[in-house]
Amino acid sequence: MKKFNFNAGPSILPREVIENTAKQILDFNGTGLSLAEISHRSKDFQPVVDEAESLIKDILNIPEGYSVLFLGGGASLEFCMIPYNFLIKKAAYLNTGTWAKKAMKEAKLFGDVVEVASSADSNYTFIPKGWECPTDVDYLHITTNNTIYGTEIREDLDVPVSLIADMSSDIFSRPVDVSKYDCIYAGAQKNLAMAGVTLIIVKNDALGKAPRQIPTMLDYRTHVEKGSMFNTPPVVPIYSALETLRWLKAHGGVEAMDKLAKQRAEILYDEIDRNKLFRGTVETADRSLMNICFVMQPEYAELEKPFLEFATSKGMVGIKGHRSVGGFRASCYNAQTIEGVNALVACMKEFETNH
Ligand SMILES: *Cc1c(COP(=O)(O)O)cnc(C)c1O
């Protein structure tokens, strides 16, 4: 039976990315050695990093003056590296969910943290509006897509201070005006690559202002100077990122991904709104195109487990919701197909007919 992968992360990648990476793990560029067996400093591997970097600059239309880095540690390490490198006295955070909260917790180790707004009281079912960004902070940190709760900020905010964004789960799903950000970071395992690498896009001029001593590995300048080669970078995940980037470019780039994301989301949200058994969990205006969360209507609550079993029997994988929300979450990253979304919708319809 065909499986449809809705995992939240690590998650679906284009099949050719997996296949091409697997081939290179067996025999890298015809060298007779595995991608996993060669030096990251070899003349064969450097072009991988160079091409990945230039594709990212091309696909996201990154202006001059920014560096693209491939680091280890996941987005979670960036929660601490951001304040280490950018927080002088005070930083502002928009609290839109679990990841935002974790980022905020780390920042508090380095200075004052202002929570500009929060939707915690409603279990993060919306993106707070109408808040003002203080002008006396070193930066504002946002999480553009809230992977767990299924809300998303799908625009580039205008704020009077330096803007920093965790884009782990929606990077490359839409065009981004990088010039509005001092730093963008993303754990790769949602929309870019196999787990193990984190993408960082950082404005060079924004570095070097924090007055503290920064451990070498946690200082972005180290990695900018060494082109992500200060220590051994995660070579296999970086290679898979390159394959995804080639795929992205060949499939119309972020404009095409944005269009596809809207199509997939419309199909699925329409069914959630139409089907008598289900309801969406977040405010319509803030619905994520990447992580689509829904639960049973209260009167059908007892059908939650049976629906999960039914959908699983039809080939759906990874649709169980995060424990903080319950119900279901269908993650629809770039590699998710319309066919996959239609298959899930067909399950929902058939299950409705049966009940
Ligand atoms: C998954 C995720 C993280 C955590 O990423 P790690 O690479 O596991 O540290 C952080 N932020 C967001 C928005 C995520 O989706």
# chains A, B, ... in the order shown; residues from 1 in each chain; ligands from 1
$ residues_near_ligand --ligand "ligand 1" --cutoff "9 Å" --atoms "only C-alpha atoms and all ligand atoms" --output "PyMOL selection string"
chain A and resi 8-10+72-79+97-100+102-103+143-148+166-170+185-190+195-198
$ residues_around --residues "Ser118 in chain A" --least-positions-apart "2" --cutoff "8 Å" --atoms "only C-alpha atoms" --output "VMD selection string"
chain A and resid 94 to 96 115 to 116 120 to 121 124 127 to 128
$ residues_around --residues "range 289-298 of chain A" --least-positions-apart "4" --cutoff "8 Å" --atoms "only C-alpha atoms" --output "PyMOL selection string"
chain A and resi 8+145-152+169-170+261-262+264-265+268-269+272+276-282+303-304+321+326-333
$ closest_residue --among "A:Phe126, A:Trp131, A:Tyr93, A:Tyr220" --to "Ile201 in chain A" --atoms "only C-alpha atoms"
A:Tyr220
$ closest_residue --among "A:Glu225, A:Ala193, A:Ile82, A:Ile153" --to "Thr244 in chain A" --atoms "only C-alpha atoms"
A:Ala193
$ select_by_dssp --residues "range 159-297 of chain A" --states "helix (DSSP H, G or I)" --output "NGL selection string"
:A and (178-180 or 204-206 or 216-218 or 220-225 or 235-250 or 253-274 or 284-286)
$ residues_around --residues "Ser240 in chain A" --least-positions-apart "3" --cutoff "12 Å" --atoms "only C-alpha atoms" --output "JSON, numbers by chain"
{"A": [13, 14, 15, 16, 17, 18, 19, 20, 21, 22, 23, 24, 25, 35, 48, 49, 52, 188, 189, 191, 192, 193, 194, 195, 196, 197, 234, 235, 236, 237, 243, 244, 245, 246, 247]}
$ closest_residue --among "A:Tyr300, A:Val325, A:Gly253, A:Lys180" --to "Ser122 in chain A" --atoms "only C-alpha atoms"
A:Val325
$ residues_around --residues "Ser179 in chain A" --least-positions-apart "3" --cutoff "8 Å" --atoms "only C-alpha atoms" --output "list in words"
Ile62, Pro63 and Asp182 of chain A
$ write_last_selection --atoms "N, CA, C and O atoms" --output "mmCIF file, in the first residue's frame"
data_model
loop_
_atom_site.group_PDB
_atom_site.id
_atom_site.type_symbol
_atom_site.label_atom_id
_atom_site.label_comp_id
_atom_site.auth_asym_id
_atom_site.auth_seq_id
_atom_site.Cartn_x
_atom_site.Cartn_y
_atom_site.Cartn_z
ATOM 1 N N ILE A 62 18.911 36.448 -1.622
ATOM 2 C CA ILE A 62 19.571 37.065 -0.468
ATOM 3 C C ILE A 62 20.466 38.215 -0.935
ATOM 4 O O ILE A 62 21.288 38.032 -1.827
ATOM 5 N N PRO A 63 20.289 39.391 -0.322
ATOM 6 C CA PRO A 63 21.118 40.529 -0.751
ATOM 7 C C PRO A 63 22.584 40.358 -0.339
ATOM 8 O O PRO A 63 22.912 39.475 0.452
ATOM 9 N N ASP A 182 17.942 40.397 10.439
ATOM 10 C CA ASP A 182 19.374 40.324 10.742
ATOM 11 C C ASP A 182 19.819 38.876 10.806
ATOM 12 O O ASP A 182 20.984 38.561 10.576
#
$ select_by_dssp --residues "range 23-224 of chain A" --states "strand (DSSP E)" --output "number ranges by chain"
A: 66-71, 90-95, 112-118, 140-143, 145-146, 151-152, 163-166, 183-187, 198-203
$ atom_distance --atom1 "CA of Glu339 in chain A" --atom2 "CA of Ile59 in chain A"
25.4 Å
$ residues_around --residues "Met217 in chain A" --least-positions-apart "6" --cutoff "10 Å" --atoms "only C-alpha atoms" --output "ChimeraX atom specification"
/A:71,81,223,230-231
